[in-house]
$ cat protein22.txt   # compact mmCIF, C-alpha atoms and all ligand atoms
# COMPACT_ATOMS: atom_id res chain seq x y z
CA GLU A 933 79.50 104.82 113.52
CA GLY A 934 77.20 102.69 115.71
CA ALA A 935 74.06 104.15 114.09
CA VAL A 936 75.45 103.79 110.58
CA ASN A 937 76.29 100.15 111.28
CA ARG A 938 72.79 99.53 112.57
CA ILE A 939 71.12 101.02 109.49
CA ALA A 940 73.31 99.10 107.05
CA ALA A 941 72.93 95.96 109.18
CA GLY A 942 69.20 95.90 108.49
CA GLU A 943 69.89 95.39 104.80
CA VAL A 944 72.15 92.40 105.34
CA VAL A 945 70.58 90.81 108.41
CA GLU A 946 66.82 90.41 108.21
CA ARG A 947 66.51 87.21 110.20
CA PRO A 948 68.62 84.39 111.60
CA ALA A 949 68.85 82.70 108.19
CA SER A 950 70.54 85.77 106.69
CA ALA A 951 73.14 85.74 109.48
CA VAL A 952 73.71 82.01 108.93
CA LYS A 953 74.16 82.62 105.21
CA GLU A 954 76.87 85.23 105.79
CA LEU A 955 78.70 83.15 108.38
CA VAL A 956 78.61 79.89 106.41
CA GLU A 957 79.76 81.73 103.27
CA ASN A 958 82.70 83.09 105.26
CA ALA A 959 83.52 79.55 106.40
CA LEU A 960 83.42 78.34 102.78
CA ASP A 961 85.54 81.26 101.60
CA ALA A 962 88.11 80.17 104.22
CA GLN A 963 88.47 76.81 102.40
CA SER A 964 86.78 74.84 105.15
CA THR A 965 86.08 71.15 104.63
CA ARG A 966 83.64 70.92 107.53
CA VAL A 967 81.06 73.47 108.66
CA GLN A 968 78.97 73.04 111.77
CA VAL A 969 76.05 75.31 112.62
CA ASP A 970 74.36 75.29 116.01
CA ILE A 971 71.23 77.33 116.62
CA SER A 972 68.98 77.85 119.62
CA ASP A 973 65.43 79.16 119.48
CA GLY A 974 65.44 79.35 115.70
CA GLY A 975 68.72 81.30 115.82
CA ARG A 976 67.28 84.13 117.90
CA THR A 977 69.30 83.44 121.05
CA LEU A 978 72.26 81.63 119.45
CA ILE A 979 73.88 81.07 116.09
CA ARG A 980 77.28 79.40 116.23
CA VAL A 981 79.25 78.53 113.11
CA THR A 982 82.36 76.38 113.57
CA ASP A 983 84.71 75.72 110.67
CA ASP A 984 88.09 74.15 109.99
CA GLY A 985 89.23 76.79 107.51
CA HIS A 986 92.38 78.92 107.34
CA GLY A 987 91.33 81.15 110.22
CA ILE A 988 92.02 84.80 110.99
CA ALA A 989 95.34 86.02 112.42
CA ALA A 990 94.97 87.64 115.85
CA ALA A 991 96.22 90.96 114.48
CA ASP A 992 93.51 90.90 111.79
CA LEU A 993 90.56 90.28 114.12
CA PRO A 994 89.73 93.97 114.70
CA LEU A 995 90.02 94.55 110.95
CA ALA A 996 87.53 91.76 110.21
CA LEU A 997 84.99 93.71 112.26
CA SER A 998 85.48 97.05 110.58
CA ARG A 999 83.20 98.12 107.78
CA HIS A 1000 84.29 97.49 104.19
CA ALA A 1001 87.36 95.61 105.32
CA THR A 1002 87.57 92.45 103.26
CA SER A 1003 90.53 90.21 102.60
CA LYS A 1004 88.89 88.91 99.43
CA ILE A 1005 89.47 91.58 96.79
CA ASP A 1006 92.32 93.89 96.09
CA GLY A 1007 90.05 96.74 95.07
CA SER A 1008 91.03 96.64 91.42
CA ASP A 1009 88.21 94.52 90.05
CA LEU A 1010 84.96 94.06 91.94
CA LEU A 1011 83.44 91.88 89.24
CA ASN A 1012 86.08 89.20 89.17
CA VAL A 1013 85.43 87.81 92.61
CA HIS A 1014 85.24 84.08 93.04
CA SER A 1015 84.55 84.04 96.74
CA PHE A 1016 81.07 84.36 98.26
CA GLY A 1017 81.87 87.51 100.21
CA PHE A 1018 83.49 90.65 98.94
CA ARG A 1019 81.82 93.58 100.64
CA GLY A 1020 83.28 93.34 104.12
CA GLU A 1021 79.88 94.12 105.62
CA ALA A 1022 78.66 90.95 107.27
CA LEU A 1023 80.70 90.86 110.46
CA PRO A 1024 80.32 94.57 111.32
CA SER A 1025 76.59 94.27 110.62
CA LEU A 1026 76.25 91.24 112.86
CA GLY A 1027 78.25 92.99 115.56
CA ALA A 1028 75.74 95.83 115.39
CA VAL A 1029 72.62 93.70 115.79
CA GLY A 1030 73.76 91.06 118.28
CA ARG A 1031 76.51 89.99 120.66
CA LEU A 1032 79.23 88.67 118.42
CA THR A 1033 82.27 86.67 119.48
CA ILE A 1034 84.87 85.44 117.01
CA THR A 1035 87.48 82.93 118.07
CA SER A 1036 90.02 81.93 115.48
CA ARG A 1037 93.39 80.40 114.89
CA ALA A 1038 95.15 81.15 111.65
CA THR A 1039 96.88 78.23 109.93
CA GLY A 1040 100.49 78.11 111.08
CA SER A 1041 99.89 80.40 114.03
CA ASP A 1042 100.98 79.22 117.49
CA GLY A 1043 97.83 80.32 119.24
CA ALA A 1044 94.22 81.39 118.91
CA ALA A 1045 92.61 84.71 119.76
CA MET A 1046 89.11 85.96 120.33
CA ILE A 1047 87.32 89.24 119.95
CA HIS A 1048 83.92 90.36 121.12
CA VAL A 1049 81.64 93.10 119.80
CA SER A 1050 78.23 94.16 121.00
CA GLY A 1051 76.13 97.14 119.96
CA GLY A 1052 78.98 98.08 117.62
CA ARG A 1053 81.44 98.32 120.56
CA ILE A 1054 84.56 96.26 119.97
CA ASP A 1055 86.53 94.85 122.91
CA PRO A 1056 90.27 94.40 122.39
CA PRO A 1057 91.27 90.87 121.24
CA LYS A 1058 92.42 88.35 123.84
CA PRO A 1059 94.26 85.03 123.66
CA ALA A 1060 91.97 82.00 123.45
CA ALA A 1061 92.06 78.24 123.12
CA LEU A 1062 91.20 76.72 119.76
CA ARG A 1063 93.03 74.02 117.79
CA ALA A 1064 92.23 75.31 114.31
CA GLY A 1065 89.70 77.19 112.23
CA THR A 1066 87.12 79.71 113.35
CA VAL A 1067 84.13 79.79 115.67
CA VAL A 1068 81.73 82.69 115.22
CA GLU A 1069 79.05 82.99 117.84
CA LEU A 1070 76.14 85.40 117.52
CA ARG A 1071 73.93 85.66 120.58
CA ASP A 1072 70.68 87.55 121.14
CA LEU A 1073 70.08 88.75 117.61
CA PHE A 1074 68.15 92.05 117.56
CA HIS A 1075 68.28 92.33 121.37
CA ALA A 1076 68.70 96.09 121.08
CA THR A 1077 66.00 96.52 118.45
CA PRO A 1078 62.71 95.07 119.75
CA ALA A 1079 60.93 96.31 116.63
CA ARG A 1080 63.01 93.96 114.48
CA LEU A 1081 62.55 91.10 116.93
CA LYS A 1082 58.81 91.40 116.45
CA PHE A 1083 59.19 90.66 112.74
CA LEU A 1084 60.75 87.27 113.38
CA LYS A 1085 58.46 84.34 112.68
CA THR A 1086 57.94 81.29 114.88
CA GLU A 1087 60.95 79.32 116.03
CA ARG A 1088 59.86 76.56 113.65
CA SER A 1089 59.79 78.76 110.57
CA GLU A 1090 63.07 80.52 111.42
CA THR A 1091 64.66 77.07 111.83
CA MET A 1092 63.21 76.04 108.47
CA ALA A 1093 64.67 79.16 106.82
CA VAL A 1094 68.08 78.41 108.37
CA THR A 1095 67.86 74.82 107.14
CA ASP A 1096 66.95 75.96 103.63
CA THR A 1097 69.90 78.37 103.58
CA ILE A 1098 72.30 75.61 104.61
CA LYS A 1099 70.83 73.17 102.08
CA ARG A 1100 71.40 75.67 99.27
CA LEU A 1101 75.02 76.22 100.28
CA ALA A 1102 75.46 72.45 100.67
CA MET A 1103 74.36 72.04 97.03
CA ALA A 1104 76.82 74.74 95.98
CA GLU A 1105 79.71 72.95 97.74
CA PRO A 1106 79.17 69.17 97.56
CA GLY A 1107 82.71 68.42 98.80
CA VAL A 1108 82.20 70.17 102.14
CA SER A 1109 80.49 68.43 105.03
CA PHE A 1110 77.69 70.31 106.77
CA ILE A 1111 75.85 69.73 109.99
CA LEU A 1112 73.06 71.81 111.52
CA ARG A 1113 72.09 71.18 115.13
CA ASP A 1114 69.32 72.61 117.22
CA THR A 1115 70.81 73.28 120.65
CA SER A 1116 67.69 74.85 122.16
CA ASP A 1117 67.26 74.14 125.89
CA GLY A 1118 70.70 72.55 126.15
CA GLY A 1119 69.83 69.81 123.64
CA ASP A 1120 71.65 68.81 120.47
CA ARG A 1121 69.24 67.56 117.85
CA VAL A 1122 70.65 67.08 114.36
CA VAL A 1123 68.37 69.00 111.97
CA PHE A 1124 70.37 68.45 108.80
CA ARG A 1125 73.51 66.60 107.95
CA ALA A 1126 75.40 66.09 104.72
CA ASP A 1127 78.75 64.31 104.75
CA ALA A 1128 81.33 65.35 102.17
CA ALA A 1129 80.13 64.04 98.79
CA ALA A 1130 82.20 63.09 95.76
CA THR A 1131 79.68 64.40 93.24
CA LEU A 1132 76.79 66.85 93.00
CA ALA A 1133 74.45 63.90 92.32
CA ASP A 1134 75.50 62.29 95.62
CA ARG A 1135 74.96 65.55 97.48
CA LEU A 1136 71.52 66.03 95.89
CA ALA A 1137 70.54 62.52 96.94
CA THR A 1138 71.29 63.57 100.53
CA VAL A 1139 69.60 66.96 100.37
CA LEU A 1140 66.59 66.21 98.15
CA GLY A 1141 66.31 62.45 98.59
CA ARG A 1142 67.09 59.45 96.37
CA ASP A 1143 63.71 59.93 94.68
CA PHE A 1144 64.84 63.15 93.08
CA ALA A 1145 67.94 61.52 91.63
CA ALA A 1146 65.79 58.76 90.13
CA ASN A 1147 63.30 61.23 88.67
CA ALA A 1148 65.57 63.94 87.30
CA LEU A 1149 67.40 64.60 84.06
CA ALA A 1150 71.03 65.63 83.97
CA ILE A 1151 71.34 69.00 82.25
CA ASP A 1152 74.36 70.29 80.38
CA ALA A 1153 73.84 72.98 77.76
CA GLU A 1154 75.73 76.00 76.49
CA ARG A 1155 75.00 79.12 74.53
CA ASP A 1156 77.03 82.23 73.80
CA GLY A 1157 79.51 81.56 76.59
CA VAL A 1158 76.86 80.76 79.20
CA ARG A 1159 76.70 77.22 80.55
CA LEU A 1160 73.75 75.51 82.21
CA THR A 1161 74.31 72.38 84.31
CA GLY A 1162 72.45 70.54 87.04
CA HIS A 1163 69.44 68.28 87.40
CA ALA A 1164 65.84 68.95 86.44
CA GLY A 1165 62.93 66.86 87.73
CA LEU A 1166 60.63 65.00 85.35
CA PRO A 1167 57.15 66.51 84.92
CA THR A 1168 55.80 63.52 86.89
CA TYR A 1169 58.06 64.60 89.78
CA SER A 1170 56.55 68.06 90.26
CA ARG A 1171 55.21 69.87 93.31
CA GLY A 1172 52.30 72.09 94.26
CA ASN A 1173 54.73 74.91 95.09
CA ALA A 1174 58.06 76.23 93.87
CA VAL A 1175 60.09 75.76 97.07
CA HIS A 1176 62.23 73.02 95.59
CA GLN A 1177 63.82 75.13 92.89
CA TYR A 1178 67.45 75.81 93.58
CA LEU A 1179 69.25 78.22 91.29
CA PHE A 1180 72.91 79.16 91.34
CA VAL A 1181 74.86 81.73 89.39
CA ASN A 1182 78.61 81.26 89.27
CA GLY A 1183 78.39 78.99 92.27
CA ARG A 1184 76.25 81.29 94.41
CA PRO A 1185 72.68 80.50 95.47
CA VAL A 1186 70.36 83.15 94.02
CA ARG A 1187 66.67 83.97 93.99
CA ASP A 1188 65.81 85.60 90.75
CA LYS A 1189 62.47 86.18 89.04
CA MET A 1190 63.92 86.00 85.54
CA LEU A 1191 65.50 82.59 86.24
CA THR A 1192 62.40 81.12 87.91
CA GLY A 1193 60.29 82.56 85.08
CA ALA A 1194 62.53 80.84 82.52
CA LEU A 1195 62.23 77.57 84.47
CA ARG A 1196 58.44 77.88 84.42
CA GLY A 1197 58.55 78.65 80.70
CA ALA A 1198 60.60 75.53 80.01
CA TYR A 1199 57.93 73.29 81.56
CA MET A 1200 54.96 75.30 80.25
CA ASP A 1201 53.83 72.67 77.76
CA VAL A 1202 54.36 69.66 80.03
CA LEU A 1203 53.03 70.87 83.40
CA SER A 1204 49.70 72.39 84.37
CA LYS A 1205 49.77 75.91 85.85
CA ASP A 1206 49.43 74.71 89.46
CA ARG A 1207 52.40 72.32 89.26
CA HIS A 1208 56.03 73.35 89.73
CA PRO A 1209 59.17 71.48 88.66
CA VAL A 1210 61.85 70.45 91.16
CA ALA A 1211 65.20 71.59 89.81
CA VAL A 1212 68.78 72.33 90.78
CA LEU A 1213 70.39 74.49 88.11
CA PHE A 1214 73.76 76.15 87.85
CA VAL A 1215 74.33 79.03 85.45
CA THR A 1216 78.00 79.64 84.83
CA CYS A 1217 79.31 82.56 82.82
CA ASP A 1218 82.10 85.06 82.65
CA PRO A 1219 81.83 87.22 85.81
CA THR A 1220 81.67 90.32 83.65
CA MET A 1221 78.37 89.08 82.18
CA VAL A 1222 76.54 89.20 85.50
CA ASP A 1223 76.23 91.66 88.37
CA CYS A 1224 75.86 89.88 91.71
CA ASN A 1225 76.15 93.16 93.53
CA VAL A 1226 72.53 94.33 93.14
CA HIS A 1227 71.45 93.56 96.70
CA PRO A 1228 73.51 93.56 99.93
CA ALA A 1229 72.43 89.99 100.66
CA LYS A 1230 73.64 89.12 97.13
CA THR A 1231 70.74 86.80 96.28
CA GLU A 1232 69.59 88.89 93.34
CA VAL A 1233 71.52 89.07 90.11
CA ARG A 1234 71.41 91.13 86.95
CA PHE A 1235 72.61 89.68 83.67
CA ARG A 1236 74.04 91.90 81.00
CA ASP A 1237 72.03 89.91 78.48
CA ALA A 1238 69.09 88.26 80.24
CA GLY A 1239 67.75 87.03 76.90
CA ILE A 1240 70.68 84.65 76.40
CA VAL A 1241 70.25 83.12 79.86
CA ARG A 1242 66.47 82.83 79.55
CA GLY A 1243 66.80 81.25 76.12
CA LEU A 1244 69.45 78.82 77.33
CA ILE A 1245 67.28 77.64 80.23
CA VAL A 1246 64.14 77.26 78.14
CA SER A 1247 65.86 75.50 75.22
CA GLY A 1248 68.27 73.45 77.37
CA LEU A 1249 65.49 72.06 79.57
CA ARG A 1250 63.02 71.54 76.72
CA HIS A 1251 65.67 69.65 74.78
CA ALA A 1252 66.35 67.38 77.79
CA LEU A 1253 62.62 66.86 78.41
CA ALA A 1254 61.97 66.06 74.76
CA GLY A 1255 64.88 63.60 74.81
CA ALA A 1256 63.14 61.82 77.70
CA GLY A 1257 59.88 61.69 75.76
CA HIS A 1258 58.11 64.73 77.26
P1 LIG B 1 83.60 89.60 103.39
O1 LIG B 1 83.20 88.16 103.52
O2 LIG B 1 82.74 90.34 102.43
O3 LIG B 1 85.07 89.79 103.13
P2 LIG B 1 82.88 89.76 106.20
O4 LIG B 1 82.45 90.89 107.05
O5 LIG B 1 81.92 88.64 106.02
O6 LIG B 1 83.30 90.34 104.79
O7 LIG B 1 84.23 89.17 106.78
C1 LIG B 1 85.33 90.06 106.94
C2 LIG B 1 86.65 89.33 106.83
O8 LIG B 1 86.82 88.47 107.97
C3 LIG B 1 86.79 88.41 105.64
O9 LIG B 1 87.23 89.12 104.50
C4 LIG B 1 87.80 87.39 106.12
O10 LIG B 1 89.10 87.87 105.93
C5 LIG B 1 87.54 87.30 107.60
N1 LIG B 1 86.71 86.13 107.99
C6 LIG B 1 85.40 86.16 108.34
N2 LIG B 1 84.95 84.94 108.66
C7 LIG B 1 86.00 84.09 108.50
C8 LIG B 1 86.19 82.67 108.67
N3 LIG B 1 85.18 81.87 109.07
N4 LIG B 1 87.41 82.15 108.43
C9 LIG B 1 88.44 82.96 108.02
N5 LIG B 1 88.33 84.29 107.84
C10 LIG B 1 87.14 84.87 108.07
MG MG B 2 81.45 87.46 104.28
$ encode --input "protein22.txt" --output "structure tokens"
Amino acid sequence: EGAVNRIAAGEVVERPASAVKELVENALDAQSTRVQVDISDGGRTLIRVTDDGHGIAAADLPLALSRHATSKIDGSDLLNVHSFGFRGEALPSLGAVGRLTITSRATGSDGAAMIHVSGGRIDPPKPAALRAGTVVELRDLFHATPARLKFLKTERSETMAVTDTIKRLAMAEPGVSFILRDTSDGGDRVVFRADAAATLADRLATVLGRDFAANALAIDAERDGVRLTGHAGLPTYSRGNAVHQYLFVNGRPVRDKMLTGALRGAYMDVLSKDRHPVAVLFVTCDPTMVDCNVHPAKTEVRFRDAGIVRGLIVSGLRHALAGAGH
């Protein structure tokens, strides 16, 4: 079981940012309104995610750590999931690659409990002190697998990847407040902060800056049951790289070649080849029209009819650009 967990863990947890993604998604799935992430040494020595969500009952803590145990689907319909998680793999994977401690208090429960797992070995749960919500602490990621440790980049670039992950989730959930702190060497430097926002536009102003809001077009288009919303930067507000392209499918941040290709295609006539648009786009469709289950980290998607989605992006954005005189 330990070895199996370690092999599968490699698919889900490549670097601190992938652990942060899983833990913050769990916090969001628990209906949290506030998510705090603390990292030390780029997340290598510490990742701590604190939320104010519905928590985990003491009796369910061991279950949360066992493979393929998820509270988020009933097993009847994998495709109709509206939560971020649904595989029940993240926590067991994290417990296989680091020292994991979960402290939680379920709403309505009269006490909190904690459980610790390291190297796949689970200690029995114990009573703990916590007012509400959940704190998941992952220490010494990859401590037992030096080969994987070697693949981590500098502290600076791991911190940047963690920040990017949190920014994407912050765009997906504007109403939730997020804070990322760097607690290296006993410090507490705020790396990123977004207070709960009333609208996506307000959240984007925080994450991408007021400039983006002033230089972007609101997008709202539909075709064959697929909807495209969000904000797309004017050609004059383009970049030398594509890092500021944020794509979401049914509320989940994704990285997908077809979608970025469609985005490029939409701007083909108004941007030179070495310029890239800044854009935040949400594709929303019936869950049966898209498979988000392609990759364990769930950032790749497969549409049943990619042509519809590509066409919607190209025509929706071109229409908006033309309307603005481009
Ligand atoms: P999944 O998210 O796919 O269900 P995970 O391994 O990420 O699987 O989590 C296992 C289970 O632990 C979840 O289904 C959920 O019931 C519980 N859980 C994990 N994190 C939290 C959290 N922050 N708040 C409440 N419950 C949580
Ligand atoms: Mg999860």
$ residues_near_ligand --input "protein22.txt" --ligand "ligand MG 2 (chain B)" --cutoff "12 Å" --atoms "all atoms listed in the file" --output "MDAnalysis selection string"
chainID A and resid 944 950:962 996:997 999:1005 1015:1026 1068 1228:1230
$ atom_distance --input "protein22.txt" --atom1 "CA of Gly1030 (chain A)" --atom2 "CA of Arg1053 (chain A)"
10.8 Å
$ residues_around --input "protein22.txt" --residues "Asp1096 (chain A)" --least-positions-apart "3" --cutoff "12 Å" --atoms "only C-alpha atoms" --output "list of chain:residue names"
A:Pro948, A:Ala949, A:Ser950, A:Val952, A:Lys953, A:Ser1089, A:Glu1090, A:Thr1091, A:Met1092, A:Ala1093, A:Lys1099, A:Arg1100, A:Leu1101, A:Ala1102, A:Met1103, A:Leu1112, A:Val1123, A:Phe1124, A:Val1139, A:Leu1140, A:Val1175, A:His1176, A:Gln1177, A:Tyr1178, A:Pro1185
$ residues_around --input "protein22.txt" --residues "Ala1133 (chain A)" --least-positions-apart "3" --cutoff "8 Å" --atoms "all atoms listed in the file" --output "ChimeraX atom specification"
/A:1136-1137,1145
$ write_last_selection --input "protein22.txt" --atoms "C-alpha atoms" --output "PDB file, in the frame of the given file"
ATOM      1  CA  LEU A1136      71.520  66.030  95.890  1.00  0.00           C
ATOM      2  CA  ALA A1137      70.540  62.520  96.940  1.00  0.00           C
ATOM      3  CA  ALA A1145      67.940  61.520  91.630  1.00  0.00           C
TER       4      ALA A1145
END
$ residues_around --input "protein22.txt" --residues "region 1057-1062 of chain A" --least-positions-apart "5" --cutoff "12 Å" --atoms "only C-alpha atoms" --output "PDB file with C-alpha atoms, in the frame of the given file"
ATOM      1  CA  THR A 982      82.360  76.380 113.570  1.00  0.00           C
ATOM      2  CA  ASP A 983      84.710  75.720 110.670  1.00  0.00           C
ATOM      3  CA  ASP A 984      88.090  74.150 109.990  1.00  0.00           C
ATOM      4  CA  GLY A 987      91.330  81.150 110.220  1.00  0.00           C
ATOM      5  CA  ILE A 988      92.020  84.800 110.990  1.00  0.00           C
ATOM      6  CA  ALA A 989      95.340  86.020 112.420  1.00  0.00           C
ATOM      7  CA  ALA A 990      94.970  87.640 115.850  1.00  0.00           C
ATOM      8  CA  ALA A 991      96.220  90.960 114.480  1.00  0.00           C
ATOM      9  CA  ASP A 992      93.510  90.900 111.790  1.00  0.00           C
ATOM     10  CA  LEU A 993      90.560  90.280 114.120  1.00  0.00           C
ATOM     11  CA  PRO A 994      89.730  93.970 114.700  1.00  0.00           C
ATOM     12  CA  LEU A 995      90.020  94.550 110.950  1.00  0.00           C
ATOM     13  CA  ALA A 996      87.530  91.760 110.210  1.00  0.00           C
ATOM     14  CA  LEU A 997      84.990  93.710 112.260  1.00  0.00           C
ATOM     15  CA  THR A1033      82.270  86.670 119.480  1.00  0.00           C
ATOM     16  CA  ILE A1034      84.870  85.440 117.010  1.00  0.00           C
ATOM     17  CA  THR A1035      87.480  82.930 118.070  1.00  0.00           C
ATOM     18  CA  SER A1036      90.020  81.930 115.480  1.00  0.00           C
ATOM     19  CA  ARG A1037      93.390  80.400 114.890  1.00  0.00           C
ATOM     20  CA  ALA A1038      95.150  81.150 111.650  1.00  0.00           C
ATOM     21  CA  THR A1039      96.880  78.230 109.930  1.00  0.00           C
ATOM     22  CA  SER A1041      99.890  80.400 114.030  1.00  0.00           C
ATOM     23  CA  ASP A1042     100.980  79.220 117.490  1.00  0.00           C
ATOM     24  CA  GLY A1043      97.830  80.320 119.240  1.00  0.00           C
ATOM     25  CA  ALA A1044      94.220  81.390 118.910  1.00  0.00           C
ATOM     26  CA  ALA A1045      92.610  84.710 119.760  1.00  0.00           C
ATOM     27  CA  MET A1046      89.110  85.960 120.330  1.00  0.00           C
ATOM     28  CA  ILE A1047      87.320  89.240 119.950  1.00  0.00           C
ATOM     29  CA  HIS A1048      83.920  90.360 121.120  1.00  0.00           C
ATOM     30  CA  VAL A1049      81.640  93.100 119.800  1.00  0.00           C
ATOM     31  CA  VAL A1067      84.130  79.790 115.670  1.00  0.00           C
TER      32      VAL A1067
END
$ closest_residue --input "protein22.txt" --among "A:His1251, A:Ser1109, A:Glu946, A:Arg1242" --to "Phe1083 (chain A)" --atoms "all atoms listed in the file"
A:Glu946
$ closest_residue --input "protein22.txt" --among "A:His1258, A:Arg1031, A:Arg1135, A:Arg947" --to "His1163 (chain A)" --atoms "only C-alpha atoms"
A:Arg1135
$ residues_near_point --input "protein22.txt" --point "(62.8, 72.1, 78.4)" --cutoff "12 Å" --atoms "only C-alpha atoms" --output "number ranges by chain"
A: 1149-1153, 1163-1167, 1194-1203, 1209, 1211, 1242-1258
$ atom_distance --input "protein22.txt" --atom1 "CA of Pro1078 (chain A)" --atom2 "CA of Val1029 (chain A)"
10.8 Å
$ closest_residue --input "protein22.txt" --among "A:Gly974, A:Gly1065, A:Pro1219, A:Gly1172" --to "ligand LIG 1 (chain B)" --atoms "all atoms listed in the file"
A:Gly1065
$ closest_residue --input "protein22.txt" --among "A:Thr965, A:Thr977, A:Ser998, A:Ser972" --to "ligand LIG 1 (chain B)" --atoms "only C-alpha atoms and all ligand atoms"
A:Ser998
$ closest_residue --input "protein22.txt" --among "A:His1208, A:Arg1071, A:His986, A:Arg1080" --to "ligand LIG 1 (chain B)" --atoms "only C-alpha atoms and all ligand atoms"
A:His986
$ closest_residue --input "protein22.txt" --among "A:Ala1064, A:Ile979, A:Ile971, A:Thr1115" --to "ligand LIG 1 (chain B)" --atoms "only C-alpha atoms and all ligand atoms"
A:Ala1064
$ atom_distance --input "protein22.txt" --atom1 "CA of Arg1159 (chain A)" --atom2 "CA of Phe1180 (chain A)"
11.6 Å
